[in-house]
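Heads up, protein.cif below (mmCIF, C-alpha atoms):
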data_target
#
loop_
_atom_site.group_PDB
_atom_site.id
_atom_site.type_symbol
_atom_site.label_atom_id
_atom_site.label_comp_id
_atom_site.auth_asym_id
_atom_site.auth_seq_id
_atom_site.Cartn_x
_atom_site.Cartn_y
_atom_site.Cartn_z
ATOM 1 C CA MET A 9 -24.518 14.020 12.652
ATOM 2 C CA SER A 10 -26.382 11.067 11.186
ATOM 3 C CA ALA A 11 -25.396 7.423 11.652
ATOM 4 C CA ARG A 12 -24.091 7.354 8.084
ATOM 5 C CA ASP A 13 -21.803 10.351 8.660
ATOM 6 C CA LEU A 14 -20.519 8.710 11.823
ATOM 7 C CA ALA A 15 -19.800 5.469 9.964
ATOM 8 C CA VAL A 16 -17.981 7.388 7.217
ATOM 9 C CA ALA A 17 -15.859 9.192 9.811
ATOM 10 C CA VAL A 18 -15.021 5.955 11.635
ATOM 11 C CA LEU A 19 -14.017 4.219 8.386
ATOM 12 C CA LEU A 20 -11.860 7.186 7.360
ATOM 13 C CA VAL A 21 -10.103 7.256 10.730
ATOM 14 C CA LEU A 22 -9.562 3.502 10.489
ATOM 15 C CA GLY A 23 -8.092 3.757 6.992
ATOM 16 C CA VAL A 24 -5.830 6.685 7.810
ATOM 17 C CA GLY A 25 -4.722 5.186 11.140
ATOM 18 C CA VAL A 26 -3.845 1.822 9.626
ATOM 19 C CA THR A 27 -1.874 3.523 6.860
ATOM 20 C CA LEU A 28 0.110 5.706 9.259
ATOM 21 C CA LEU A 29 0.872 2.738 11.534
ATOM 22 C CA SER A 30 2.084 0.766 8.507
ATOM 23 C CA CYS A 31 4.359 3.620 7.486
ATOM 24 C CA ALA A 32 5.778 3.810 11.011
ATOM 25 C CA GLY A 33 6.316 0.034 11.017
ATOM 26 C CA VAL A 34 8.201 0.128 7.719
ATOM 27 C CA LEU A 35 10.391 2.892 9.134
ATOM 28 C CA VAL A 36 11.146 1.088 12.402
ATOM 29 C CA MET A 37 11.877 -2.421 11.077
ATOM 30 C CA ARG A 38 15.448 -3.266 10.191
ATOM 31 C CA ASN A 39 15.395 -5.716 7.275
ATOM 32 C CA PRO A 40 13.357 -5.935 4.053
ATOM 33 C CA TYR A 41 11.483 -9.096 5.096
ATOM 34 C CA ASP A 42 10.168 -7.455 8.269
ATOM 35 C CA ARG A 43 9.403 -4.261 6.391
ATOM 36 C CA LEU A 44 7.379 -6.129 3.761
ATOM 37 C CA HIS A 45 4.983 -7.376 6.458
ATOM 38 C CA TYR A 46 4.016 -3.800 7.254
ATOM 39 C CA THR A 47 3.012 -2.961 3.676
ATOM 40 C CA GLY A 48 0.133 -5.447 3.987
ATOM 41 C CA PRO A 49 -2.313 -3.527 6.220
ATOM 42 C CA ALA A 50 -1.834 -0.304 4.217
ATOM 43 C CA ALA A 51 -2.684 -2.131 0.997
ATOM 44 C CA VAL A 52 -5.500 -4.349 2.275
ATOM 45 C CA LEU A 53 -7.298 -2.846 5.294
ATOM 46 C CA ALA A 54 -6.949 0.840 4.409
ATOM 47 C CA PRO A 55 -8.293 0.701 0.812
ATOM 48 C CA VAL A 56 -11.218 -1.450 1.911
ATOM 49 C CA ALA A 57 -12.077 0.977 4.723
ATOM 50 C CA ILE A 58 -11.758 4.046 2.494
ATOM 51 C CA ALA A 59 -13.696 2.451 -0.382
ATOM 52 C CA ALA A 60 -16.421 1.482 2.091
ATOM 53 C CA ALA A 61 -16.539 5.096 3.280
ATOM 54 C CA VAL A 62 -16.877 6.328 -0.322
ATOM 55 C CA VAL A 63 -19.638 3.799 -1.036
ATOM 56 C CA LEU A 64 -21.483 4.826 2.137
ATOM 57 C CA GLU A 65 -21.308 8.467 1.067
ATOM 58 C CA GLU A 66 -21.970 8.076 -2.659
ATOM 59 C CA ARG A 67 -23.877 4.759 -2.830
ATOM 60 C CA LEU A 68 -22.989 2.672 -5.900
ATOM 61 C CA SER A 69 -22.565 5.611 -8.255
ATOM 62 C CA ALA A 70 -19.626 5.963 -10.650
ATOM 63 C CA ALA A 71 -17.468 7.238 -7.786
ATOM 64 C CA GLY A 72 -18.426 4.347 -5.506
ATOM 65 C CA ILE A 73 -17.782 1.710 -8.149
ATOM 66 C CA LYS A 74 -14.396 3.214 -9.049
ATOM 67 C CA ALA A 75 -13.400 3.352 -5.379
ATOM 68 C CA VAL A 76 -14.296 -0.339 -5.014
ATOM 69 C CA LEU A 77 -12.284 -1.068 -8.162
ATOM 70 C CA VAL A 78 -9.223 0.713 -6.747
ATOM 71 C CA ALA A 79 -9.554 -1.272 -3.515
ATOM 72 C CA ILE A 80 -9.819 -4.546 -5.457
ATOM 73 C CA VAL A 81 -6.707 -3.684 -7.494
ATOM 74 C CA LEU A 82 -4.689 -2.832 -4.367
ATOM 75 C CA VAL A 83 -5.857 -5.892 -2.449
ATOM 76 C CA THR A 84 -5.058 -8.294 -5.285
ATOM 77 C CA THR A 85 -1.762 -6.802 -6.460
ATOM 78 C CA ASN A 86 -0.058 -6.234 -3.100
ATOM 79 C CA PRO A 87 0.549 -9.937 -2.279
ATOM 80 C CA VAL A 88 2.066 -10.475 -5.742
ATOM 81 C CA LEU A 89 4.305 -7.458 -5.320
ATOM 82 C CA GLY A 90 5.301 -8.528 -1.808
ATOM 83 C CA HIS A 91 6.232 -11.981 -3.021
ATOM 84 C CA ALA A 92 8.272 -10.586 -5.937
ATOM 85 C CA THR A 93 10.114 -8.225 -3.606
ATOM 86 C CA ALA A 94 10.863 -10.929 -1.020
ATOM 87 C CA ARG A 95 12.052 -13.185 -3.813
ATOM 88 C CA ALA A 96 14.368 -10.434 -5.081
ATOM 89 C CA ALA A 97 15.717 -9.876 -1.555
ATOM 90 C CA ARG A 98 16.386 -13.572 -1.051
ATOM 91 C CA ILE A 99 18.057 -14.059 -4.432
ATOM 92 C CA ARG A 100 20.274 -11.052 -3.747
ATOM 93 C CA GLN A 101 21.174 -12.481 -0.337
ATOM 94 C CA PHE A 102 21.716 -16.157 -1.177
ATOM 95 C CA GLY A 103 22.091 -16.257 -4.960
ATOM 96 C CA GLU A 104 19.078 -18.486 -5.636
ATOM 97 C CA TRP A 105 15.393 -19.013 -4.794
ATOM 98 C CA THR A 106 15.501 -22.349 -2.998
ATOM 99 C CA VAL A 107 15.264 -23.691 0.543
ATOM 100 C CA ARG A 108 18.788 -24.014 1.898
ATOM 101 C CA GLU A 109 19.943 -27.164 3.677
ATOM 102 C CA GLU A 110 20.202 -25.538 7.128
ATOM 103 C CA GLU A 111 16.638 -24.205 6.799
ATOM 104 C CA ARG A 112 15.054 -27.619 6.285
ATOM 105 C CA GLU A 113 13.007 -28.745 9.286
ATOM 106 C CA GLY A 114 10.748 -31.709 9.819
ATOM 107 C CA ASP A 115 11.975 -33.812 6.911
ATOM 108 C CA ARG A 116 14.894 -35.233 8.823
ATOM 109 C CA PRO A 117 14.564 -38.767 10.239
ATOM 110 C CA MET B 264 -12.169 21.847 4.343
ATOM 111 C CA ASN B 265 -14.270 18.707 4.746
ATOM 112 C CA GLU B 266 -13.342 15.461 6.500
ATOM 113 C CA TRP B 267 -12.029 13.944 3.256
ATOM 114 C CA ALA B 268 -9.488 16.732 2.784
ATOM 115 C CA VAL B 269 -8.366 16.315 6.401
ATOM 116 C CA ALA B 270 -7.931 12.576 5.789
ATOM 117 C CA ALA B 271 -5.874 13.337 2.648
ATOM 118 C CA LEU B 272 -3.616 15.659 4.629
ATOM 119 C CA ALA B 273 -3.145 13.037 7.345
ATOM 120 C CA LEU B 274 -2.351 10.388 4.731
ATOM 121 C CA LEU B 275 0.242 12.693 3.167
ATOM 122 C CA ALA B 276 2.135 12.618 6.477
ATOM 123 C CA GLY B 277 2.623 8.893 5.866
ATOM 124 C CA LEU B 278 4.849 9.705 2.903
ATOM 125 C CA VAL B 279 7.552 11.069 5.234
ATOM 126 C CA PRO B 280 8.536 7.650 6.697
ATOM 127 C CA CYS B 281 8.437 6.182 3.170
ATOM 128 C CA GLY B 282 10.811 8.903 2.007
ATOM 129 C CA VAL B 283 13.160 8.258 4.928
ATOM 130 C CA VAL B 284 13.229 4.521 4.117
ATOM 131 C CA CYS B 285 13.897 5.334 0.455
ATOM 132 C CA LEU B 286 16.852 7.529 1.453
ATOM 133 C CA ARG B 287 18.679 4.946 3.560
ATOM 134 C CA GLY B 288 19.161 1.194 3.751
ATOM 135 C CA GLY B 289 19.817 -1.345 1.033
ATOM 136 C CA PRO B 290 18.259 -1.411 -2.432
ATOM 137 C CA VAL B 291 15.452 -3.812 -1.451
ATOM 138 C CA ASP B 292 14.596 -1.700 1.625
ATOM 139 C CA ARG B 293 14.287 1.279 -0.676
ATOM 140 C CA LEU B 294 12.039 -0.687 -3.013
ATOM 141 C CA VAL B 295 9.745 -1.563 -0.087
ATOM 142 C CA GLY B 296 9.575 2.146 0.790
ATOM 143 C CA LEU B 297 8.716 2.974 -2.816
ATOM 144 C CA GLU B 298 5.964 0.348 -2.944
ATOM 145 C CA LEU B 299 4.390 1.637 0.255
ATOM 146 C CA ALA B 300 4.636 5.218 -1.050
ATOM 147 C CA GLY B 301 2.749 4.114 -4.183
ATOM 148 C CA THR B 302 -0.012 2.620 -2.035
ATOM 149 C CA VAL B 303 -0.241 5.734 0.141
ATOM 150 C CA ASP B 304 -0.337 7.959 -2.947
ATOM 151 C CA THR B 305 -3.168 5.879 -4.397
ATOM 152 C CA LEU B 306 -5.142 6.302 -1.177
ATOM 153 C CA VAL B 307 -4.447 10.057 -1.152
ATOM 154 C CA LEU B 308 -5.788 10.387 -4.713
ATOM 155 C CA LEU B 309 -8.820 8.292 -3.766
ATOM 156 C CA VAL B 310 -9.624 10.526 -0.813
ATOM 157 C CA LEU B 311 -8.905 13.747 -2.730
ATOM 158 C CA ALA B 312 -11.258 12.674 -5.527
ATOM 159 C CA GLN B 313 -14.013 12.388 -2.961
ATOM 160 C CA ALA B 314 -12.948 15.647 -1.265
ATOM 161 C CA TYR B 315 -13.295 17.570 -4.546
ATOM 162 C CA ASP B 316 -16.420 15.578 -5.483
ATOM 163 C CA ARG B 317 -15.183 14.726 -9.007
ATOM 164 C CA SER B 318 -15.746 11.109 -9.975
ATOM 165 C CA ILE B 319 -13.344 11.448 -12.931
ATOM 166 C CA TYR B 320 -10.452 11.904 -10.455
ATOM 167 C CA PHE B 321 -10.947 8.329 -9.257
ATOM 168 C CA ASP B 322 -9.431 7.220 -12.583
ATOM 169 C CA LEU B 323 -6.120 8.741 -11.487
ATOM 170 C CA ALA B 324 -6.056 6.562 -8.387
ATOM 171 C CA LEU B 325 -6.890 3.512 -10.485
ATOM 172 C CA ALA B 326 -4.125 4.292 -12.997
ATOM 173 C CA LEU B 327 -1.586 4.859 -10.221
ATOM 174 C CA ALA B 328 -2.528 1.589 -8.496
ATOM 175 C CA LEU B 329 -1.959 -0.354 -11.713
ATOM 176 C CA LEU B 330 1.211 1.475 -12.738
ATOM 177 C CA SER B 331 2.880 1.287 -9.306
ATOM 178 C CA PHE B 332 2.225 -2.472 -9.344
ATOM 179 C CA ALA B 333 3.866 -2.836 -12.763
ATOM 180 C CA GLY B 334 6.755 -0.577 -11.733
ATOM 181 C CA GLY B 335 7.336 -2.518 -8.526
ATOM 182 C CA LEU B 336 7.471 -5.800 -10.442
ATOM 183 C CA VAL B 337 10.026 -4.384 -12.887
ATOM 184 C CA PHE B 338 12.188 -3.044 -10.044
ATOM 185 C CA ALA B 339 11.983 -6.380 -8.199
ATOM 186 C CA ARG B 340 12.972 -8.258 -11.348
ATOM 187 C CA PHE B 341 16.004 -6.069 -11.929
ATOM 188 C CA LEU B 342 17.018 -6.097 -8.249
ATOM 189 C CA GLU B 343 17.128 -9.905 -8.326
ATOM 190 C CA ARG B 344 20.374 -9.999 -10.244
ATOM 191 C CA TRP B 345 21.340 -7.033 -12.314
ATOM 192 C CA ILE B 346 21.472 -4.002 -10.028
#

Rendering of file as structure tokens:
Amino acid sequence: MSARDLAVAVLLVLGVGVTLLSCAGVLVMRNPYDRLHYTGPAAVLAPVAIAAAVVLEERLSAAGIKAVLVAIVLVTTNPVLGHATARAARIRQFGEWTVREEEREGDRP
Amino acid sequence: MNEWAVAALALLAGLVPCGVVCLRGGPVDRLVGLELAGTVDTLVLLVLAQAYDRSIYFDLALALALLSFAGGLVFARFLERWI
């Protein structure tokens, strides 16, 4: 096994492990805000690791470039989606998207 | 079966917790499960494309990543007030 094969295997294990841990975290947490935190690693660390593994195996061929593109799309869209989902959860819970009076800290005299 | 196919199989196991979350809990919890399932599916397609050594299959992963983002935004928008 060459050093490149070893690096590919390590990156694949990292990507798969992070994804499975994220799935377990989403299952275990009890409210949508906590659950949203666990979607982050699966959408940021795992695609980067897997795209890096593809690039190591294929170099910057069509497959490598497309894998990098998929990783870029996942990394950039997940924070937007997380924010939209948290916003939806909060508006459903409190009726509006504002800081409530009892949540204000630090701006009191 | 190469290491990429094994990774795809292992990633598929991650869909089980997503399915469980989608089956119980409130509407927003289910949406979070759906979003994570979309991400896991994208990764599975990415790994399978490499396992079968067809670069054209990477387009499927790219399309799914973009469409699951758009779908999640639409669901979040509707869950804000109307559903």

**Message:** Applying the PyMOL selection byres ((chain A) within 9 of (chain B)) to the file I just gave you, which residues come out? Please list them as a PyMOL selection string.
**Reply:** chain A and resi 17+20-21+23-25+27-32+34-35+38-41+43-44+46-47+50-51+54-55+58-59+62+69-72+74-75+77-79+81-82+85-86+88-90+92-100+103

**Prompt:** What separation in Å, quoted to one decimal, exists between CA of Val56 (chain A) and CA of Leu22 (chain A)?
**Reply:**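 These atoms are spaced 10.0 Å apart.
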
Report, as lines of an AutoDock Vina configuration file, the axis-aligned box around all atoms of region 39-43 of chain A present in the file, extended by 8 Å on each side; give centre and edge lengths in Å to one decimal place.
center_x = 12.4
center_y = -6.7
center_z = 6.2
size_x = 22.0
size_y = 20.8
size_z = 20.2

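Excluding Arg12 (chain A) and any residue on its chain fewer than 2 positions from it, the residues at most 8 Å away by all atoms listed in the file are Ser10, Leu14, Ala15, Val16, Leu64 and Glu65 of chain A.
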
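Atom pair CA of Ala268 (chain B) / CA of Ala61 (chain A): separated by 13.6 Å.
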
**Asked** What is the distance, in Å and to one decimal place, between CA of Thr84 (chain A) and CA of Asp13 (chain A)?
**Response**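 A separation of 28.7 Å between them.
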